Amino acid sequence: MDRILVTGGTGYIGSHTVVELQQAGYPVVIIDDLSNSNREVIDGIERITGIRPDFVEGDCTDMQTLSKLFADYPDIKGIINFAASKAVGESMHKPILYYRNNLNTLLNLLDLMGPNGVKGIVFSSSCTVYGEPDENPVTEKAPIKKATSPYGNTKQISEEIITDVINAGAPFKSVILRYFNPVGAHPSAEIGELPNGVPQNLIPYLTQTAIGIRQELSVFGNDYDTPDGSCIRDYINVVDLAKAHVIAVKRMLENKSDAKIEIFNLGTGNGVSVLELINVFEEATGVKVPHKIVGRRAGDIEKVWANPTYANEVLGWKATSTLADTMRSAWAWQLKLRERGVM
Ligand code: UFG
């Protein structure tokens with residue numbers, strides 16, 4: 001079968017996608033600079049699938065590294081690009097890092113695809129491109145709003161770059177996937193999310209509080225225009241999300257669509273508030289999460305959730321995990337990290 005290059009493949013969504021690709025029979029090569037992940041992830045992938053993916057430690061902003069990779073693996077036919085910096089707050093302080101990492105990586109890949117006979121690239125985009133949407137649930141036709149962070153801007157610009165390159169006649173296709181809020185871990189608890197330092201995102205903060213690493217979870221605001229006053233998001237199970245990538249890559253490699261570029265929302269279609277999510281976690285695990293209401297976090301969107309109908313119908317993909325199961329998987333992963341002495 002055609003080989004898939006997974007950039008950022010030891011990261012959170014990348015590692016779950018490598019598992020699903022290997023289970024679907026695709027040979028994989030990962031490139032990752034390990035700037036926000038570690039080598040042990042590869043052991044976890046091997047324990048789940050019985051297959052050790054090929055791994056190249058390297059930086060995708062370096063053209064020479066990538067050229068050598070394509071020369072070493074002439075069977076690469078598809079790319080899934082996860083290699084990017086992803087912390088919204090950090091991007092406000094380090095815009096050059098974000099523009100360099102996220103845009104140079106994409107440009108290098110697009111530049112090398114044609115000459116190396118790669119048929120398609122799946123790109124990780126985000127619901128952040130919709131900003132504060134005028135209506136929920138959000139379809140792919142909703143207007144793109146001006147980005148509120150350099151991180152969000154890299155996603156918008158990347159979508160435009162891909163569109164321009166393909167419209168200019170590039171000999172490959174692209175599927176752009178706009179993720180809502182990916183959460184949870186592999187049910188085996190062999191891989192999951194491992195943020196550096198103090199977590200910025202809700203679920204890792206919540207599970208670290210539940211296990212006692214953090215004293216209290218701060219709920220950012222209860223005065224929003226939502227039923228309980230806390231923000232609403234669409235929390236999508238990371239394994240469900242990973243499966244959509246396998247479908248997308250297969251679609252491109254097997255020419256299942258005439259369109260050279262396609263865009264899909266990946267969400268569940270359910271909006272869940274922060275306070276509701278805490279309740280689901282507590283009920284699913286039986287573990288209490290000490291929390292307090294604090295002020296709003298600057299830059300937060302009030303409410304956003306997906307209309308995933310287009311992905312459901314066209315890709316034949318649907319998020320199937322329950323939120324309770326997803327919360328149990330996040331908790332099992334947190335317990336595994338303790339067992340391993342990681343944190
Ligand atoms: N939240 C808290 N307390 C915390 C952390 C988060 O109450 O300690 C709340 C936030 O206010 C928000 C919700 O939990 O309402 C989710 O926050 P996250 O930080 O987990 O996720 P965001 O929705 O802010 O951001 C995510 C991704 C980004 C992506 C963005 C798109 O992390 O990469 O969605 O909207 F750009």
# chains A, B, ... in the order shown; residues from 1 in each chain; ligands from 1
>>> residues_near_ligand(ligand="ligand 1", cutoff="6 Å", atoms="only C-alpha atoms and all ligand atoms", output="ChimeraX atom specification")
/A:86-87,126-128,181,200-202,205,217-220,231,274,297,300
>>> write_last_selection(atoms="C-alpha atoms", output="CSV table (one decimal), in the first residue's frame")
chain,number,residue,atom,x,y,z
A,86,LYS,CA,-0.6,25.1,18.5
A,87,ALA,CA,-0.8,27.2,21.7
A,126,SER,CA,-9.4,24.5,13.1
A,127,CYS,CA,-12.8,25.9,13.9
A,128,THR,CA,-10.8,29.0,15.0
A,181,ASN,CA,-12.1,20.7,20.3
A,200,GLN,CA,-3.8,25.8,28.9
A,201,ASN,CA,-6.6,23.6,27.6
A,202,LEU,CA,-9.6,22.5,29.6
A,205,TYR,CA,-6.2,20.9,33.4
A,217,LEU,CA,-9.8,24.2,38.0
A,218,SER,CA,-10.7,27.7,37.1
A,219,VAL,CA,-13.9,28.0,35.0
A,220,PHE,CA,-13.4,31.1,32.9
A,231,CYS,CA,-18.7,28.8,27.3
A,274,VAL,CA,-17.7,23.9,30.6
A,297,ARG,CA,-10.3,34.5,29.7
A,300,ASP,CA,-12.4,33.2,24.4
>>> select_by_dssp(residues="range 60-133 of chain A", states="alpha helix (DSSP H)", output="JSON, numbers by chain")
{"A": [63, 64, 65, 66, 67, 68, 69, 70, 71, 72, 88, 89, 90, 91, 92, 93, 95, 96, 97, 98, 99, 105, 106, 107, 108, 109, 110, 111, 112, 113]}
>>> select_by_dssp(residues="range 93-243 of chain A", states="strand (DSSP E)", output="PyMOL selection string")
chain A and resi 120-126+173-179+181-183+217-220+232-233+235-237
>>> residues_around(residues="Asn108 in chain A", least_positions_apart="2", cutoff="8 Å", atoms="only C-alpha atoms", output="NGL selection string")
:A and (60-63 or 66 or 104-106 or 110-112)
>>> write_last_selection(atoms="N, CA and C atoms", output="PDB file, in the first residue's frame")
ATOM      1  N   CYS A  60      10.560  20.128  10.003  1.00  0.00           N
ATOM      2  CA  CYS A  60       9.969  20.269   8.665  1.00  0.00           C
ATOM      3  C   CYS A  60      10.181  21.657   8.064  1.00  0.00           C
ATOM      4  N   THR A  61      10.669  22.605   8.852  1.00  0.00           N
ATOM      5  CA  THR A  61      10.948  23.912   8.242  1.00  0.00           C
ATOM      6  C   THR A  61      12.281  23.851   7.488  1.00  0.00           C
ATOM      7  N   ASP A  62      13.007  22.734   7.653  1.00  0.00           N
ATOM      8  CA  ASP A  62      14.295  22.583   6.978  1.00  0.00           C
ATOM      9  C   ASP A  62      14.101  21.777   5.690  1.00  0.00           C
ATOM     10  N   MET A  63      14.275  22.455   4.576  1.00  0.00           N
ATOM     11  CA  MET A  63      14.025  21.865   3.262  1.00  0.00           C
ATOM     12  C   MET A  63      14.931  20.659   2.997  1.00  0.00           C
ATOM     13  N   LEU A  66      13.676  17.522   4.677  1.00  0.00           N
ATOM     14  CA  LEU A  66      12.501  16.969   3.990  1.00  0.00           C
ATOM     15  C   LEU A  66      12.881  16.351   2.649  1.00  0.00           C
ATOM     16  N   ASN A 104       6.238  27.819   7.017  1.00  0.00           N
ATOM     17  CA  ASN A 104       7.371  27.244   6.271  1.00  0.00           C
ATOM     18  C   ASN A 104       7.217  25.738   6.101  1.00  0.00           C
ATOM     19  N   THR A 105       6.709  25.082   7.128  1.00  0.00           N
ATOM     20  CA  THR A 105       6.483  23.631   7.008  1.00  0.00           C
ATOM     21  C   THR A 105       5.545  23.342   5.845  1.00  0.00           C
ATOM     22  N   LEU A 106       4.440  24.059   5.802  1.00  0.00           N
ATOM     23  CA  LEU A 106       3.458  23.818   4.739  1.00  0.00           C
ATOM     24  C   LEU A 106       4.055  24.132   3.367  1.00  0.00           C
ATOM     25  N   LEU A 110       4.414  21.498   0.265  1.00  0.00           N
ATOM     26  CA  LEU A 110       3.733  21.732  -1.021  1.00  0.00           C
ATOM     27  C   LEU A 110       4.743  21.789  -2.159  1.00  0.00           C
ATOM     28  N   ASP A 111       5.898  22.366  -1.869  1.00  0.00           N
ATOM     29  CA  ASP A 111       6.949  22.492  -2.876  1.00  0.00           C
ATOM     30  C   ASP A 111       7.491  21.123  -3.299  1.00  0.00           C
ATOM     31  N   LEU A 112       7.576  20.208  -2.336  1.00  0.00           N
ATOM     32  CA  LEU A 112       8.204  18.905  -2.605  1.00  0.00           C
ATOM     33  C   LEU A 112       7.223  17.853  -3.103  1.00  0.00           C
TER      34      LEU A 112
END
>>> residues_around(residues="Gly184 in chain A", least_positions_apart="6", cutoff="9 Å", atoms="only C-alpha atoms", output="ChimeraX atom specification")
/A:192-193,203,236-239,325-331,333
>>> write_last_selection(atoms="all heavy atoms", output="short mmCIF file (atom, residue, chain, number, x, y, z; two decimals), in the first residue's frame")
data_model
loop_
_atom_site.label_atom_id
_atom_site.label_comp_id
_atom_site.auth_asym_id
_atom_site.auth_seq_id
_atom_site.Cartn_x
_atom_site.Cartn_y
_atom_site.Cartn_z
N GLY A 192 -1.88 9.51 24.52
CA GLY A 192 -2.84 10.53 24.90
C GLY A 192 -2.19 11.90 24.79
O GLY A 192 -1.13 12.03 24.18
N GLU A 193 -2.84 12.86 25.42
CA GLU A 193 -2.31 14.23 25.35
C GLU A 193 -1.32 14.44 26.48
O GLU A 193 -1.60 14.09 27.62
CB GLU A 193 -3.50 15.20 25.49
CG GLU A 193 -3.14 16.64 25.23
CD GLU A 193 -4.39 17.55 25.21
OE1 GLU A 193 -5.49 17.08 25.58
OE2 GLU A 193 -4.23 18.72 24.83
N ILE A 203 -9.34 20.05 29.23
CA ILE A 203 -9.32 18.66 29.70
C ILE A 203 -8.03 18.27 30.43
O ILE A 203 -8.10 17.70 31.53
CB ILE A 203 -9.64 17.68 28.55
CG1 ILE A 203 -11.11 17.87 28.13
CG2 ILE A 203 -9.40 16.23 28.95
CD1 ILE A 203 -12.12 17.67 29.27
N ILE A 236 -14.69 16.75 20.60
CA ILE A 236 -14.67 15.60 19.69
C ILE A 236 -13.59 14.60 20.14
O ILE A 236 -12.45 15.00 20.38
CB ILE A 236 -14.46 16.07 18.23
CG1 ILE A 236 -14.03 14.95 17.28
CG2 ILE A 236 -13.44 17.19 18.09
CD1 ILE A 236 -15.16 14.36 16.55
N ASN A 237 -13.97 13.36 20.25
CA ASN A 237 -13.04 12.30 20.67
C ASN A 237 -11.87 12.18 19.68
O ASN A 237 -12.06 12.11 18.47
CB ASN A 237 -13.82 10.98 20.75
CG ASN A 237 -12.93 9.84 21.17
OD1 ASN A 237 -12.15 9.31 20.38
ND2 ASN A 237 -13.04 9.43 22.41
N VAL A 238 -10.67 12.11 20.23
CA VAL A 238 -9.47 12.14 19.38
C VAL A 238 -9.36 10.91 18.46
O VAL A 238 -8.82 11.00 17.36
CB VAL A 238 -8.19 12.34 20.25
CG1 VAL A 238 -7.93 11.13 21.13
CG2 VAL A 238 -6.99 12.70 19.40
N VAL A 239 -9.90 9.77 18.91
CA VAL A 239 -9.84 8.58 18.04
C VAL A 239 -10.84 8.72 16.89
O VAL A 239 -10.54 8.41 15.74
CB VAL A 239 -10.08 7.28 18.85
CG1 VAL A 239 -10.11 6.07 17.92
CG2 VAL A 239 -9.00 7.11 19.90
N ASP A 325 -17.65 8.21 27.69
CA ASP A 325 -16.53 7.32 27.36
C ASP A 325 -15.25 8.12 27.11
O ASP A 325 -14.15 7.72 27.50
CB ASP A 325 -16.85 6.47 26.12
CG ASP A 325 -17.76 5.29 26.48
OD1 ASP A 325 -17.85 4.95 27.68
OD2 ASP A 325 -18.38 4.72 25.55
N THR A 326 -15.42 9.25 26.43
CA THR A 326 -14.25 10.08 26.13
C THR A 326 -13.62 10.60 27.43
O THR A 326 -12.39 10.60 27.58
CB THR A 326 -14.65 11.25 25.20
OG1 THR A 326 -15.23 10.69 24.02
CG2 THR A 326 -13.47 12.10 24.82
N MET A 327 -14.47 11.01 28.37
CA MET A 327 -13.95 11.49 29.66
C MET A 327 -13.26 10.36 30.43
O MET A 327 -12.22 10.56 31.05
CB MET A 327 -15.08 12.09 30.51
CG MET A 327 -15.64 13.40 29.97
SD MET A 327 -14.38 14.70 29.85
CE MET A 327 -14.07 14.72 28.11
N ARG A 328 -13.84 9.14 30.35
CA ARG A 328 -13.19 8.00 31.01
C ARG A 328 -11.82 7.72 30.38
O ARG A 328 -10.86 7.37 31.08
CB ARG A 328 -14.07 6.75 30.92
CG ARG A 328 -15.13 6.71 32.03
CD ARG A 328 -15.86 5.36 32.07
NE ARG A 328 -16.85 5.27 31.02
CZ ARG A 328 -18.13 5.64 31.17
NH1 ARG A 328 -18.56 6.10 32.33
NH2 ARG A 328 -18.97 5.56 30.17
N SER A 329 -11.71 7.90 29.05
CA SER A 329 -10.42 7.65 28.40
C SER A 329 -9.39 8.70 28.82
O SER A 329 -8.22 8.38 29.03
CB SER A 329 -10.58 7.62 26.87
OG SER A 329 -10.79 8.93 26.34
N ALA A 330 -9.83 9.95 28.98
CA ALA A 330 -8.91 11.01 29.43
C ALA A 330 -8.42 10.71 30.84
O ALA A 330 -7.25 10.91 31.18
CB ALA A 330 -9.61 12.37 29.38
N TRP A 331 -9.33 10.18 31.67
CA TRP A 331 -8.98 9.87 33.06
C TRP A 331 -8.03 8.66 33.12
O TRP A 331 -7.04 8.66 33.86
CB TRP A 331 -10.26 9.63 33.87
CG TRP A 331 -10.03 9.32 35.32
CD1 TRP A 331 -10.50 8.25 36.00
CD2 TRP A 331 -9.28 10.10 36.27
NE1 TRP A 331 -10.11 8.31 37.32
CE2 TRP A 331 -9.34 9.44 37.51
CE3 TRP A 331 -8.56 11.29 36.18
CZ2 TRP A 331 -8.71 9.91 38.65
CZ3 TRP A 331 -7.92 11.78 37.33
CH2 TRP A 331 -8.01 11.09 38.54
N TRP A 333 -5.94 7.78 30.94
CA TRP A 333 -4.62 8.26 30.48
C TRP A 333 -3.90 9.00 31.60
O TRP A 333 -2.71 8.80 31.84
CB TRP A 333 -4.82 9.13 29.24
CG TRP A 333 -3.62 9.90 28.81
CD1 TRP A 333 -3.50 11.25 28.77
CD2 TRP A 333 -2.36 9.38 28.32
NE1 TRP A 333 -2.26 11.61 28.30
CE2 TRP A 333 -1.54 10.48 28.03
CE3 TRP A 333 -1.86 8.09 28.14
CZ2 TRP A 333 -0.24 10.34 27.53
CZ3 TRP A 333 -0.56 7.95 27.65
CH2 TRP A 333 0.23 9.06 27.35
#
>>> closest_atom_pairs(of="range 194-275 of chain A", to="range 114-125 of chain A", cutoff="10 Å", atoms="only C-alpha atoms", output="JSON lines")
{"residue": "A:His245", "atom": "CA", "partner": "A:Val122", "partner_atom": "CA", "distance": 7.3}
{"residue": "A:Val246", "atom": "CA", "partner": "A:Val122", "partner_atom": "CA", "distance": 9.6}
{"residue": "A:Ala248", "atom": "CA", "partner": "A:Val122", "partner_atom": "CA", "distance": 7.0}
{"residue": "A:Val249", "atom": "CA", "partner": "A:Val122", "partner_atom": "CA", "distance": 6.6}
{"residue": "A:Lys250", "atom": "CA", "partner": "A:Gly120", "partner_atom": "CA", "distance": 9.6}
{"residue": "A:Arg251", "atom": "CA", "partner": "A:Gly120", "partner_atom": "CA", "distance": 9.4}
{"residue": "A:Met252", "atom": "CA", "partner": "A:Gly120", "partner_atom": "CA", "distance": 5.9}
{"residue": "A:Leu253", "atom": "CA", "partner": "A:Lys119", "partner_atom": "CA", "distance": 6.2}
{"residue": "A:Glu254", "atom": "CA", "partner": "A:Lys119", "partner_atom": "CA", "distance": 9.4}
{"residue": "A:Asn255", "atom": "CA", "partner": "A:Lys119", "partner_atom": "CA", "distance": 9.3}
{"residue": "A:Lys260", "atom": "CA", "partner": "A:Gly120", "partner_atom": "CA", "distance": 9.0}
{"residue": "A:Ile261", "atom": "CA", "partner": "A:Gly120", "partner_atom": "CA", "distance": 9.5}
{"residue": "A:Glu262", "atom": "CA", "partner": "A:Val122", "partner_atom": "CA", "distance": 9.7}
{"residue": "A:Ile263", "atom": "CA", "partner": "A:Ser125", "partner_atom": "CA", "distance": 9.3}
{"residue": "A:Phe264", "atom": "CA", "partner": "A:Ser125", "partner_atom": "CA", "distance": 9.5}
{"residue": "A:Asn265", "atom": "CA", "partner": "A:Ser125", "partner_atom": "CA", "distance": 9.2}
{"residue": "A:Leu266", "atom": "CA", "partner": "A:Ser125", "partner_atom": "CA", "distance": 9.9}
>>> write_last_selection(atoms="all heavy atoms", output="compact mmCIF listing (two decimals), in the first residue's frame")
# COMPACT_ATOMS: atom_id res chain seq x y z
N HIS A 245 -9.14 11.15 9.37
CA HIS A 245 -7.93 11.36 8.55
C HIS A 245 -7.66 10.19 7.62
O HIS A 245 -7.18 10.36 6.51
CB HIS A 245 -6.72 11.60 9.45
CG HIS A 245 -6.80 12.88 10.22
ND1 HIS A 245 -7.64 13.04 11.29
CD2 HIS A 245 -6.17 14.06 10.04
CE1 HIS A 245 -7.51 14.28 11.75
NE2 HIS A 245 -6.64 14.92 11.00
N VAL A 246 -7.93 8.99 8.11
CA VAL A 246 -7.71 7.80 7.28
C VAL A 246 -8.67 7.84 6.09
O VAL A 246 -8.29 7.58 4.95
CB VAL A 246 -7.90 6.50 8.10
CG1 VAL A 246 -7.68 5.28 7.23
CG2 VAL A 246 -6.96 6.50 9.30
N ALA A 248 -10.02 10.50 4.80
CA ALA A 248 -9.64 11.62 3.92
C ALA A 248 -8.46 11.24 3.03
O ALA A 248 -8.43 11.54 1.83
CB ALA A 248 -9.31 12.85 4.76
N VAL A 249 -7.49 10.57 3.60
CA VAL A 249 -6.29 10.23 2.83
C VAL A 249 -6.63 9.18 1.76
O VAL A 249 -6.19 9.27 0.60
CB VAL A 249 -5.13 9.81 3.78
CG1 VAL A 249 -5.06 8.34 4.01
CG2 VAL A 249 -3.81 10.33 3.29
N LYS A 250 -7.47 8.24 2.13
CA LYS A 250 -7.90 7.19 1.19
C LYS A 250 -8.67 7.84 0.03
O LYS A 250 -8.49 7.47 -1.13
CB LYS A 250 -8.82 6.24 1.97
CG LYS A 250 -9.13 4.92 1.30
CD LYS A 250 -9.86 4.04 2.32
CE LYS A 250 -10.59 2.88 1.72
NZ LYS A 250 -9.85 1.86 1.09
N ARG A 251 -9.51 8.80 0.38
CA ARG A 251 -10.31 9.51 -0.63
C ARG A 251 -9.43 10.17 -1.69
O ARG A 251 -9.71 10.12 -2.88
CB ARG A 251 -11.14 10.56 0.12
CG ARG A 251 -12.13 11.31 -0.67
CD ARG A 251 -12.96 12.17 0.28
NE ARG A 251 -13.81 13.06 -0.48
CZ ARG A 251 -14.98 12.70 -0.99
NH1 ARG A 251 -15.43 11.49 -0.83
NH2 ARG A 251 -15.68 13.57 -1.69
N MET A 252 -8.34 10.77 -1.23
CA MET A 252 -7.43 11.43 -2.17
C MET A 252 -6.65 10.41 -2.99
O MET A 252 -6.55 10.52 -4.20
CB MET A 252 -6.45 12.33 -1.41
CG MET A 252 -7.10 13.52 -0.75
SD MET A 252 -5.89 14.67 -0.07
CE MET A 252 -4.90 13.60 0.92
N LEU A 253 -6.08 9.42 -2.30
CA LEU A 253 -5.22 8.46 -3.00
C LEU A 253 -6.00 7.61 -3.98
O LEU A 253 -5.49 7.21 -5.01
CB LEU A 253 -4.48 7.56 -2.00
CG LEU A 253 -3.56 8.28 -1.01
CD1 LEU A 253 -2.70 7.29 -0.25
CD2 LEU A 253 -2.68 9.30 -1.70
N GLU A 254 -7.27 7.35 -3.66
CA GLU A 254 -8.08 6.50 -4.54
C GLU A 254 -8.98 7.33 -5.45
O GLU A 254 -9.88 6.78 -6.10
CB GLU A 254 -8.88 5.50 -3.69
CG GLU A 254 -7.96 4.55 -2.94
CD GLU A 254 -8.70 3.55 -2.03
OE1 GLU A 254 -9.94 3.49 -2.08
OE2 GLU A 254 -8.01 2.83 -1.29
N ASN A 255 -8.72 8.62 -5.50
CA ASN A 255 -9.46 9.52 -6.41
C ASN A 255 -10.97 9.37 -6.31
O ASN A 255 -11.66 9.30 -7.32
CB ASN A 255 -9.04 9.24 -7.86
CG ASN A 255 -7.88 10.12 -8.23
OD1 ASN A 255 -7.87 11.33 -7.93
ND2 ASN A 255 -6.88 9.52 -8.86
N LYS A 260 -10.48 18.94 -6.33
CA LYS A 260 -9.05 18.93 -5.99
C LYS A 260 -8.83 19.42 -4.57
O LYS A 260 -7.78 19.18 -3.97
CB LYS A 260 -8.27 19.80 -6.98
CG LYS A 260 -8.33 19.22 -8.40
CD LYS A 260 -7.18 19.70 -9.24
CE LYS A 260 -5.91 18.92 -8.90
NZ LYS A 260 -4.75 19.39 -9.66
N ILE A 261 -9.84 20.15 -4.06
CA ILE A 261 -9.70 20.63 -2.69
C ILE A 261 -11.05 20.54 -1.99
O ILE A 261 -12.07 20.93 -2.57
CB ILE A 261 -9.11 22.05 -2.69
CG1 ILE A 261 -9.03 22.64 -1.30
CG2 ILE A 261 -9.86 23.00 -3.56
CD1 ILE A 261 -7.99 23.73 -1.24
N GLU A 262 -11.05 19.97 -0.81
CA GLU A 262 -12.30 19.81 -0.06
C GLU A 262 -12.07 20.23 1.40
O GLU A 262 -10.98 20.04 1.94
CB GLU A 262 -12.75 18.35 -0.09
CG GLU A 262 -13.18 17.89 -1.47
CD GLU A 262 -13.68 16.46 -1.46
OE1 GLU A 262 -12.88 15.54 -1.19
OE2 GLU A 262 -14.88 16.25 -1.69
N ILE A 263 -13.13 20.78 1.99
CA ILE A 263 -13.04 21.26 3.38
C ILE A 263 -14.16 20.63 4.20
O ILE A 263 -15.32 20.62 3.76
CB ILE A 263 -13.17 22.80 3.43
CG1 ILE A 263 -12.05 23.45 2.61
CG2 ILE A 263 -13.17 23.31 4.87
CD1 ILE A 263 -12.06 24.97 2.60
N PHE A 264 -13.81 20.08 5.36
CA PHE A 264 -14.81 19.44 6.22
C PHE A 264 -14.67 19.90 7.67
O PHE A 264 -13.56 19.98 8.19
CB PHE A 264 -14.64 17.92 6.22
CG PHE A 264 -14.84 17.29 4.87
CD1 PHE A 264 -13.75 16.97 4.07
CD2 PHE A 264 -16.11 17.02 4.40
CE1 PHE A 264 -13.92 16.39 2.82
CE2 PHE A 264 -16.30 16.44 3.15
CZ PHE A 264 -15.21 16.13 2.35
N ASN A 265 -15.81 20.16 8.31
CA ASN A 265 -15.85 20.35 9.75
C ASN A 265 -15.80 18.98 10.42
O ASN A 265 -16.55 18.08 10.02
CB ASN A 265 -17.19 20.97 10.17
CG ASN A 265 -17.24 22.46 9.93
OD1 ASN A 265 -16.23 23.11 9.70
ND2 ASN A 265 -18.45 23.01 9.99
N LEU A 266 -14.98 18.85 11.45
CA LEU A 266 -14.98 17.61 12.22
C LEU A 266 -15.38 17.91 13.66
O LEU A 266 -14.59 18.43 14.46
CB LEU A 266 -13.60 16.94 12.18
CG LEU A 266 -13.13 16.46 10.81
CD1 LEU A 266 -11.77 15.78 10.92
CD2 LEU A 266 -14.12 15.52 10.12
>>> residues_around(residues="Ser230 in chain A", least_positions_apart="2", cutoff="8 Å", atoms="only C-alpha atoms", output="list in words")
Val219, Phe220, Gly221, Asn222, Asp223, Tyr224, Thr226, Pro227, Asp228, Ile232, Ser273, Val274, Leu275 and Glu302 of chain A
>>> closest_residue(among="A:Ala24, A:Leu34, A:Val129, A:Ile211", to="Ile301 in chain A", atoms="only C-alpha atoms")
A:Val129
>>> closest_residue(among="A:Met92, A:Glu135, A:Val165, A:Gly295", to="Leu109 in chain A", atoms="only C-alpha atoms")
A:Val165
>>> closest_residue(among="A:Ser15, A:Ser37, A:Asn102, A:Thr285", to="Leu241 in chain A", atoms="only C-alpha atoms")
A:Ser15
>>> atom_distance(atom1="CA of Ser257 in chain A", atom2="CA of Tyr310 in chain A")
13.9 Å
>>> closest_residue(among="A:Asp234, A:Thr320, A:Pro290, A:Arg39", to="Asn136 in chain A", atoms="only C-alpha atoms")
A:Asp234
>>> closest_residue(among="A:Ala147, A:Ala244, A:Met343, A:Ala259", to="Ser91 in chain A", atoms="only C-alpha atoms")
A:Ala147
>>> residues_around(residues="Ile213 in chain A", least_positions_apart="5", cutoff="12 Å", atoms="only C-alpha atoms", output="list in words")
Gly197, Val198, Pro199, Pro204, Tyr205, Leu206, Thr207, Gln208, Val289, Pro290, Gln334, Leu335, Leu337, Arg338, Val342 and Met343 of chain A
